[in-house]
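Next comes model21.pdb, with PDB, C-alpha atoms.
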```
ATOM      1  CA  MET G   1       0.000   0.000   0.000
ATOM      2  CA  LYS G   2       2.794   2.394   0.910
ATOM      3  CA  GLN G   3       4.516   1.660  -2.394
ATOM      4  CA  GLN G   4       1.300   2.430  -4.292
ATOM      5  CA  ILE G   5       0.882   5.772  -2.489
ATOM      6  CA  THR G   6       4.495   6.697  -3.256
ATOM      7  CA  ARG G   7       4.035   5.884  -6.927
ATOM      8  CA  SER G   8       0.785   7.851  -7.076
ATOM      9  CA  LEU G   9       2.398  10.871  -5.443
ATOM     10  CA  ALA G  10       5.348  10.726  -7.831
ATOM     11  CA  ALA G  11       2.993  10.517 -10.810
ATOM     12  CA  LEU G  12       0.978  13.478  -9.507
ATOM     13  CA  LEU G  13       4.065  15.649  -9.004
ATOM     14  CA  THR G  14       5.403  14.683 -12.409
ATOM     15  CA  GLY G  15       2.088  15.459 -14.061
ATOM     16  CA  CYS G  16       1.856  18.896 -12.406
ATOM     17  CA  THR G  17       5.390  19.769 -13.468
ATOM     18  CA  LEU G  18       4.799  18.701 -17.061
ATOM     19  CA  VAL G  19       1.494  20.553 -17.282
ATOM     20  CA  GLY G  20       3.409  23.702 -16.385
ATOM     21  CA  SER G  21       6.168  23.109 -18.922
ATOM     22  CA  GLY G  22       4.008  21.632 -21.695
ATOM     23  CA  CYS G  23       5.451  19.935 -24.736
ATOM     24  CA  ALA G  24       8.560  21.058 -26.568
ATOM     25  CA  GLY G  25       8.008  24.177 -28.667
ATOM     26  CA  SER G  26       8.980  24.449 -32.309
ATOM     27  CA  TYR G  27      10.858  27.373 -33.858
ATOM     28  CA  THR G  28       9.490  29.169 -36.891
ATOM     29  CA  PRO G  29      12.163  31.224 -38.733
ATOM     30  CA  ILE G  30      11.721  35.004 -38.652
ATOM     31  CA  ARG G  31      13.246  35.600 -42.118
ATOM     32  CA  PRO G  32      13.873  39.359 -41.788
ATOM     33  CA  ASP G  33      14.430  39.621 -45.548
ATOM     34  CA  ARG G  34      10.740  38.769 -46.060
ATOM     35  CA  ILE G  35       9.168  41.165 -43.530
ATOM     36  CA  ALA G  36       7.098  43.870 -45.224
ATOM     37  CA  THR G  37       6.162  46.035 -42.202
ATOM     38  CA  TYR G  38       9.396  47.798 -41.265
ATOM     39  CA  GLN G  39       9.449  51.208 -39.590
ATOM     40  CA  SER G  40      11.753  53.216 -41.889
ATOM     41  CA  SER G  41      14.023  56.210 -41.434
ATOM     42  CA  SER G  42      14.489  58.911 -44.063
ATOM     43  CA  VAL G  43      15.369  57.533 -47.494
ATOM     44  CA  GLU G  44      17.943  60.345 -47.790
ATOM     45  CA  ALA G  45      19.879  59.326 -44.677
ATOM     46  CA  PRO G  46      23.426  58.016 -45.276
ATOM     47  CA  LEU G  47      22.292  54.774 -43.686
ATOM     48  CA  GLN G  48      18.647  54.089 -44.391
ATOM     49  CA  PHE G  49      17.614  52.104 -41.336
ATOM     50  CA  SER G  50      14.372  50.185 -40.762
ATOM     51  CA  TYR G  51      13.350  47.912 -37.898
ATOM     52  CA  GLN G  52      10.568  45.762 -36.497
ATOM     53  CA  PHE G  53      10.112  44.881 -32.845
ATOM     54  CA  ASP G  54       8.457  41.619 -31.772
ATOM     55  CA  ALA G  55      10.238  39.699 -34.506
ATOM     56  CA  LEU G  56       9.582  36.398 -32.730
ATOM     57  CA  ARG G  57       5.844  37.089 -32.863
ATOM     58  CA  THR G  58       5.685  37.728 -36.599
ATOM     59  CA  GLN G  59       5.359  34.003 -37.315
ATOM     60  CA  GLY G  60       3.138  33.362 -34.294
ATOM     61  CA  ARG G  61       4.582  29.930 -33.401
ATOM     62  CA  ASN G  62       7.548  30.758 -31.184
ATOM     63  CA  LYS G  63       5.735  30.686 -27.845
ATOM     64  CA  LYS G  64       8.594  29.184 -25.827
ATOM     65  CA  TYR G  65      11.064  31.807 -27.085
ATOM     66  CA  ILE G  66       8.634  34.698 -26.618
ATOM     67  CA  LYS G  67       8.167  33.704 -22.976
ATOM     68  CA  LYS G  68      11.934  33.569 -22.453
ATOM     69  CA  GLU G  69      12.316  36.916 -24.232
ATOM     70  CA  GLN G  70       9.890  38.542 -21.795
ATOM     71  CA  LYS G  71      11.293  36.798 -18.723
ATOM     72  CA  LYS G  72      14.923  37.650 -19.510
ATOM     73  CA  GLY G  73      14.227  41.250 -20.557
ATOM     74  CA  TYR G  74      15.162  40.866 -24.225
ATOM     75  CA  HIS G  75      13.935  42.143 -27.565
ATOM     76  CA  VAL G  76      14.767  40.271 -30.760
ATOM     77  CA  ILE G  77      14.490  42.880 -33.513
ATOM     78  CA  ALA G  78      14.520  42.488 -37.278
ATOM     79  CA  ILE G  79      16.398  45.258 -39.099
ATOM     80  CA  GLN G  80      17.039  46.460 -42.639
ATOM     81  CA  VAL G  81      19.996  48.672 -43.569
ATOM     82  CA  LYS G  82      20.686  50.336 -46.907
ATOM     83  CA  ASN G  83      24.013  52.034 -47.574
ATOM     84  CA  ASN G  84      23.252  55.326 -49.380
ATOM     85  CA  THR G  85      26.868  56.505 -49.276
ATOM     86  CA  GLY G  86      29.504  56.089 -51.956
ATOM     87  CA  ALA G  87      31.802  54.034 -49.736
ATOM     88  CA  GLU G  88      31.725  50.592 -48.161
ATOM     89  CA  ILE G  89      30.381  50.692 -44.601
ATOM     90  CA  ASN G  90      31.253  48.258 -41.835
ATOM     91  CA  PHE G  91      28.227  47.834 -39.578
ATOM     92  CA  THR G  92      30.269  47.560 -36.370
ATOM     93  CA  ARG G  93      33.182  49.881 -37.141
ATOM     94  CA  ASP G  94      31.400  52.697 -38.947
ATOM     95  CA  ALA G  95      27.898  52.799 -37.425
ATOM     96  CA  VAL G  96      26.368  53.522 -34.017
ATOM     97  CA  LEU G  97      23.065  51.984 -32.931
ATOM     98  CA  TYR G  98      20.888  54.066 -30.606
ATOM     99  CA  TYR G  99      18.135  52.716 -28.356
ATOM    100  CA  GLY G 100      16.202  55.830 -27.471
ATOM    101  CA  ASP G 101      18.943  58.350 -26.658
ATOM    102  CA  ARG G 102      21.563  55.739 -25.665
ATOM    103  CA  ALA G 103      24.176  54.103 -27.848
ATOM    104  CA  ILE G 104      24.031  50.327 -27.379
ATOM    105  CA  VAL G 105      25.803  47.214 -28.586
ATOM    106  CA  PRO G 106      23.557  44.243 -29.485
ATOM    107  CA  VAL G 107      24.004  40.995 -27.580
ATOM    108  CA  SER G 108      26.002  38.444 -29.586
ATOM    109  CA  PRO G 109      23.936  35.726 -31.306
ATOM    110  CA  ASP G 110      25.519  32.917 -29.278
ATOM    111  CA  VAL G 111      24.826  34.620 -25.932
ATOM    112  CA  ALA G 112      21.256  35.502 -26.922
ATOM    113  CA  ALA G 113      20.591  31.968 -28.176
ATOM    114  CA  GLN G 114      21.929  30.519 -24.909
ATOM    115  CA  GLU G 115      19.834  32.787 -22.691
ATOM    116  CA  LEU G 116      16.614  32.490 -24.715
ATOM    117  CA  LYS G 117      16.701  28.759 -25.464
ATOM    118  CA  GLN G 118      13.946  26.504 -24.142
ATOM    119  CA  GLY G 119      14.767  23.862 -21.560
ATOM    120  CA  VAL G 120      15.642  20.345 -22.697
ATOM    121  CA  ALA G 121      16.405  18.370 -19.522
ATOM    122  CA  ILE G 122      12.955  19.166 -18.061
ATOM    123  CA  TYR G 123      11.429  16.652 -20.494
ATOM    124  CA  LEU G 124      13.280  13.800 -18.774
ATOM    125  CA  LEU G 125      10.381  13.824 -16.330
ATOM    126  CA  TYR G 126       8.258  12.219 -19.033
ATOM    127  CA  VAL G 127      10.251   9.020 -18.395
ATOM    128  CA  LEU G 128       8.026   8.512 -15.346
ATOM    129  CA  LEU G 129       4.794   8.649 -17.353
ATOM    130  CA  ASN G 130       4.267   5.007 -18.247
ATOM    131  CA  PHE G 131       1.011   3.083 -18.509
ATOM    132  CA  ARG G 132      -0.495  -0.306 -17.694
ATOM    133  CA  VAL G 133      -3.219  -1.855 -19.827
ATOM    134  CA  GLY G 134      -5.607  -4.606 -18.753
ATOM    135  CA  ALA G 135      -5.204  -4.342 -14.970
ATOM    136  CA  THR G 136      -7.944  -6.286 -13.165
ATOM    137  CA  THR G 137      -9.119  -6.770  -9.609
ATOM    138  CA  THR G 138     -11.269  -9.711  -8.457
ATOM    139  CA  THR G 139     -13.430  -9.375  -5.358
ATOM    140  CA  SER G 140     -15.565 -11.776  -3.337
ATOM    141  CA  ASN G 141     -17.950 -10.729  -0.568
ATOM    142  CA  GLY G 142     -16.403  -7.292  -0.579
ATOM    143  CA  TYR G 143     -12.837  -8.567  -0.268
ATOM    144  CA  VAL G 144     -10.118  -8.422  -2.903
ATOM    145  CA  THR G 145      -9.200 -11.974  -3.748
ATOM    146  CA  SER G 146      -6.792 -11.428  -6.619
ATOM    147  CA  THR G 147      -5.290  -8.692  -8.772
ATOM    148  CA  SER G 148      -3.570  -8.632 -12.112
ATOM    149  CA  PRO G 149      -1.231  -5.708 -12.858
ATOM    150  CA  GLY G 150      -1.871  -5.930 -16.583
ATOM    151  CA  THR G 151       0.660  -5.166 -19.278
ATOM    152  CA  PHE G 152       3.276  -2.495 -18.624
ATOM    153  CA  ILE G 153       3.772  -0.129 -21.578
ATOM    154  CA  PRO G 154       6.986   1.954 -21.298
ATOM    155  CA  THR G 155       5.698   5.060 -23.087
ATOM    156  CA  GLY G 156       7.642   7.505 -20.898
ATOM    157  CA  PRO G 157      11.085   7.128 -22.517
ATOM    158  CA  PHE G 158       9.638   7.620 -25.991
ATOM    159  CA  ILE G 159       7.694  10.744 -24.973
ATOM    160  CA  ALA G 160      10.735  12.126 -23.160
ATOM    161  CA  GLY G 161      13.063  11.395 -26.064
ATOM    162  CA  GLY G 162      10.721  12.953 -28.607
ATOM    163  CA  ASN G 163      10.307  16.160 -26.623
ATOM    164  CA  MET G 164      14.021  16.453 -25.881
ATOM    165  CA  LEU G 165      14.865  15.963 -29.547
ATOM    166  CA  GLY G 166      12.246  18.502 -30.598
ATOM    167  CA  ALA G 167      13.457  21.113 -28.102
ATOM    168  CA  SER G 168      17.098  20.608 -29.097
ATOM    169  CA  MET G 169      16.307  20.935 -32.806
ATOM    170  CA  ALA G 170      14.263  24.104 -32.213
ATOM    171  CA  ASN G 171      17.078  25.639 -30.141
ATOM    172  CA  GLY G 172      19.554  24.811 -32.896
ATOM    173  CA  ASN G 173      17.352  26.392 -35.577
ATOM    174  CA  PHE G 174      16.946  29.524 -33.454
ATOM    175  CA  ARG G 175      20.703  29.832 -32.911
ATOM    176  CA  ARG G 176      21.479  29.284 -36.593
ATOM    177  CA  GLU G 177      19.092  32.003 -37.734
ATOM    178  CA  LEU G 178      20.544  34.514 -35.259
ATOM    179  CA  GLN G 179      24.004  33.636 -36.582
ATOM    180  CA  GLN G 180      22.894  33.759 -40.232
ATOM    181  CA  PHE G 181      21.514  37.293 -39.869
ATOM    182  CA  ASP G 182      24.251  38.620 -37.589
ATOM    183  CA  LEU G 183      25.561  41.936 -38.946
ATOM    184  CA  THR G 184      28.578  42.159 -36.645
ATOM    185  CA  ASN G 185      31.511  43.391 -38.770
ATOM    186  CA  ARG G 186      29.351  43.021 -41.889
ATOM    187  CA  ASN G 187      30.595  45.133 -44.798
ATOM    188  CA  ILE G 188      27.811  46.869 -46.728
ATOM    189  CA  ALA G 189      28.655  47.975 -50.262
ATOM    190  CA  PRO G 190      27.429  51.302 -51.690
ATOM    191  CA  GLY G 191      23.748  50.951 -52.582
ATOM    192  CA  GLU G 192      23.493  47.520 -50.932
ATOM    193  CA  THR G 193      20.590  46.572 -48.637
ATOM    194  CA  VAL G 194      21.177  43.991 -45.918
ATOM    195  CA  TYR G 195      18.876  42.365 -43.375
ATOM    196  CA  GLY G 196      19.688  41.325 -39.845
ATOM    197  CA  LEU G 197      18.462  40.170 -36.458
ATOM    198  CA  ILE G 198      19.699  41.924 -33.348
ATOM    199  CA  SER G 199      19.049  41.026 -29.713
ATOM    200  CA  VAL G 200      19.038  43.764 -27.090
ATOM    201  CA  ARG G 201      18.780  43.254 -23.344
ATOM    202  CA  GLU G 202      16.113  45.865 -22.593
ATOM    203  CA  TYR G 203      12.761  45.508 -20.824
ATOM    204  CA  ASN G 204      11.184  48.588 -22.410
ATOM    205  CA  VAL G 205      10.552  49.436 -26.048
ATOM    206  CA  ALA G 206      12.359  52.518 -27.354
ATOM    207  CA  PRO G 207      12.860  54.094 -30.796
ATOM    208  CA  LEU G 208      15.896  52.849 -32.719
ATOM    209  CA  ARG G 209      18.167  54.709 -35.079
ATOM    210  CA  LEU G 210      21.467  53.969 -36.803
ATOM    211  CA  GLU G 211      24.026  56.683 -37.544
ATOM    212  CA  LEU G 212      27.477  56.842 -39.066
ATOM    213  CA  ARG G 213      30.083  57.349 -36.348
ATOM    214  CA  SER G 214      31.338  60.517 -38.042
ATOM    215  CA  VAL G 215      27.828  61.950 -38.100
ATOM    216  CA  ALA G 216      27.048  60.865 -34.545
ATOM    217  CA  SER G 217      30.169  62.596 -33.188
ATOM    218  CA  THR G 218      29.608  65.939 -34.935
ATOM    219  CA  THR G 219      25.830  66.490 -34.907
ATOM    220  CA  PRO G 220      23.158  66.640 -32.202
ATOM    221  CA  ALA G 221      21.057  63.582 -31.601
ATOM    222  CA  ALA G 222      18.551  63.066 -34.390
ATOM    223  CA  PRO G 223      14.823  63.134 -33.570
ATOM    224  CA  ALA G 224      13.771  59.703 -32.389
ATOM    225  CA  LEU G 225      11.495  57.611 -34.559
ATOM    226  CA  PRO G 226       8.381  56.123 -32.941
ATOM    227  CA  PRO G 227       8.709  52.470 -32.023
ATOM    228  CA  ALA G 228       7.560  50.024 -34.666
ATOM    229  CA  SER G 229       5.129  48.441 -32.247
ATOM    230  CA  ALA G 230       3.474  49.322 -28.981
ATOM    231  CA  PRO G 231       5.238  48.199 -25.780
ATOM    232  CA  ARG G 232       4.007  44.847 -24.621
ATOM    233  CA  PRO G 233       3.365  44.100 -20.954
ATOM    234  CA  THR G 234       6.190  42.424 -19.106
ATOM    235  CA  THR G 235       5.267  39.121 -17.490
ATOM    236  CA  ASN G 236       6.893  37.801 -14.339
TER
END
```
As structure tokens, the full file:
Amino acid sequence: MKQQITRSLAALLTGCTLVGSGCAGSYTPIRPDRIATYQSSSVEAPLQFSYQFDALRTQGRNKKYIKKEQKKGYHVIAIQVKNNTGAEINFTRDAVLYYGDRAIVPVSPDVAAQELKQGVAIYLLYVLLNFRVGATTTTSNGYVTSTSPGTFIPTGPFIAGGNMLGASMANGNFRRELQQFDLTNRNIAPGETVYGLISVREYNVAPLRLELRSVASTTPAAPALPPASAPRPTTN
């Protein structure tokens, strides 16, 4: 009897934990080069800069990563940059990114991917969720005379393995897209338009702008553009 109570309690705790974590989430690519709703700066600016907050929401199927983004105080932002000058521009060396009135440096893709990834080990708890089929109990005059445990079906390891594999693959796809659209030290030829994904560790939404370092050091701060989307509530 004590063993049965222990098993029931373990199953209950496991079930509650897994209900909270749910199944592994997939990752739908953002593809910043296909976004059509950018907030744009002046077309006459040396660096024509456009951006879109809530990039993870644009596909609508990145729930696990959106939750981590909110919890960790991040924004993953899709950007578009066109070089309107007559010289090659290096995104890191020659440009300054402003978040509101502050110059910032985006978080590296590898660090952002590590901090925003969904958990994998949590799905090991599914190993405990196994089933028995065909269990029977025989009674006589109100007393249990015999029991049959039925057939044990080890479903837990398969469920755990599937979720762990799915979470790992989604994390890998997320990391690869951040790396693919990383503009760190990216050279932009005259007239060329490039697309990127940047991650910033900020809880609030603020207007973004991109300026040449020479312009930023010799002119007053440019008027801030409105944010591309309304601030979203922060969840605890």
Which is closest to Ser168 of chain G among G:Val205, G:Val105, G:Ala113, G:Ala36, if we use all atoms listed in the file?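 Counting all atoms listed in the file, the residue closest to Ser168 of chain G is G:Ala113.
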For Phe91 of chain G, which of G:Pro207, G:Pro29, G:Pro106, G:Gly166 is the closest residue, counting all atoms listed in the file?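 Smallest separation from Phe91 of chain G among the options: G:Pro106.
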When you count only C-alpha atoms, which of these residues is closest to Arg209 of chain G: G:Tyr38, G:Tyr98, G:Tyr74, G:Tyr65?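 With only C-alpha atoms as the atom set, the closest residue is G:Tyr98.
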Residue by residue, what does the PyMOL selection byres ((chain G and resi 107-109) around 12) grab here? Present the result as a VMD selection string. chain G and resid 74 to 77 104 to 106 110 to 117 172 174 to 185 196 to 202
Go ahead and save the residues from that selection, with C-alpha atoms, as an mmCIF file, in the coordinates of the input.
```
data_model
loop_
_atom_site.group_PDB
_atom_site.id
_atom_site.type_symbol
_atom_site.label_atom_id
_atom_site.label_comp_id
_atom_site.auth_asym_id
_atom_site.auth_seq_id
_atom_site.Cartn_x
_atom_site.Cartn_y
_atom_site.Cartn_z
ATOM 1 C CA TYR G 74 15.162 40.866 -24.225
ATOM 2 C CA HIS G 75 13.935 42.143 -27.565
ATOM 3 C CA VAL G 76 14.767 40.271 -30.760
ATOM 4 C CA ILE G 77 14.490 42.880 -33.513
ATOM 5 C CA ILE G 104 24.031 50.327 -27.379
ATOM 6 C CA VAL G 105 25.803 47.214 -28.586
ATOM 7 C CA PRO G 106 23.557 44.243 -29.485
ATOM 8 C CA ASP G 110 25.519 32.917 -29.278
ATOM 9 C CA VAL G 111 24.826 34.620 -25.932
ATOM 10 C CA ALA G 112 21.256 35.502 -26.922
ATOM 11 C CA ALA G 113 20.591 31.968 -28.176
ATOM 12 C CA GLN G 114 21.929 30.519 -24.909
ATOM 13 C CA GLU G 115 19.834 32.787 -22.691
ATOM 14 C CA LEU G 116 16.614 32.490 -24.715
ATOM 15 C CA LYS G 117 16.701 28.759 -25.464
ATOM 16 C CA GLY G 172 19.554 24.811 -32.896
ATOM 17 C CA PHE G 174 16.946 29.524 -33.454
ATOM 18 C CA ARG G 175 20.703 29.832 -32.911
ATOM 19 C CA ARG G 176 21.479 29.284 -36.593
ATOM 20 C CA GLU G 177 19.092 32.003 -37.734
ATOM 21 C CA LEU G 178 20.544 34.514 -35.259
ATOM 22 C CA GLN G 179 24.004 33.636 -36.582
ATOM 23 C CA GLN G 180 22.894 33.759 -40.232
ATOM 24 C CA PHE G 181 21.514 37.293 -39.869
ATOM 25 C CA ASP G 182 24.251 38.620 -37.589
ATOM 26 C CA LEU G 183 25.561 41.936 -38.946
ATOM 27 C CA THR G 184 28.578 42.159 -36.645
ATOM 28 C CA ASN G 185 31.511 43.391 -38.770
ATOM 29 C CA GLY G 196 19.688 41.325 -39.845
ATOM 30 C CA LEU G 197 18.462 40.170 -36.458
ATOM 31 C CA ILE G 198 19.699 41.924 -33.348
ATOM 32 C CA SER G 199 19.049 41.026 -29.713
ATOM 33 C CA VAL G 200 19.038 43.764 -27.090
ATOM 34 C CA ARG G 201 18.780 43.254 -23.344
ATOM 35 C CA GLU G 202 16.113 45.865 -22.593
#
```
Can you work out the spacing between atom CA of Lys71 of chain G and atom CA of Ile122 of chain G in Å, to one decimal?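 Spanning atom CA of Lys71 of chain G to atom CA of Ile122 of chain G is a straight-line distance of 17.7 Å.
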Between atom CA of Lys82 of chain G and atom CA of Ile35 of chain G, what is the spacing in Å?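 Straight-line distance from atom CA of Ile35 of chain G to atom CA of Lys82 of chain G works out to 15.1 Å.
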Could you spell out the hits of the PyMOL selection byres ((chain G and resi 45) around 9) on the shown file, as a ChimeraX atom specification? /G:41-44,46-49,83-85,211
Computed interatomic separation between atom CA of Leu124 of chain G and atom CA of Gly22 of chain G (Å):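 Atom-to-atom, atom CA of Leu124 of chain G to atom CA of Gly22 of chain G, that is 12.5 Å.
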Quick one: which residues end up in the PyMOL selection byres ((chain G and resi 194) around 6) for this structure, as a PyMOL selection string? chain G and resi 80-81+193+195
At a cut-off of 6 Å, using all atoms listed in the file, what residues contact Tyr51 of chain G? Leave out same-chain residues fewer than 5 positions from it and give the result as a PyMOL selection string. chain G and resi 38-39+78-79
I need the chosen residues saved as an mmCIF file, in the coordinates of the input, with C-alpha atoms.
```cif
data_model
loop_
_atom_site.group_PDB
_atom_site.id
_atom_site.type_symbol
_atom_site.label_atom_id
_atom_site.label_comp_id
_atom_site.auth_asym_id
_atom_site.auth_seq_id
_atom_site.Cartn_x
_atom_site.Cartn_y
_atom_site.Cartn_z
ATOM 1 C CA TYR G 38 9.396 47.798 -41.265
ATOM 2 C CA GLN G 39 9.449 51.208 -39.590
ATOM 3 C CA ALA G 78 14.520 42.488 -37.278
ATOM 4 C CA ILE G 79 16.398 45.258 -39.099
#
```
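Nearest to Lys68 of chain G of all the residues G:Val96, G:Glu88, G:Leu210, G:Gln118 is G:Gln118, based on all atoms listed in the file.
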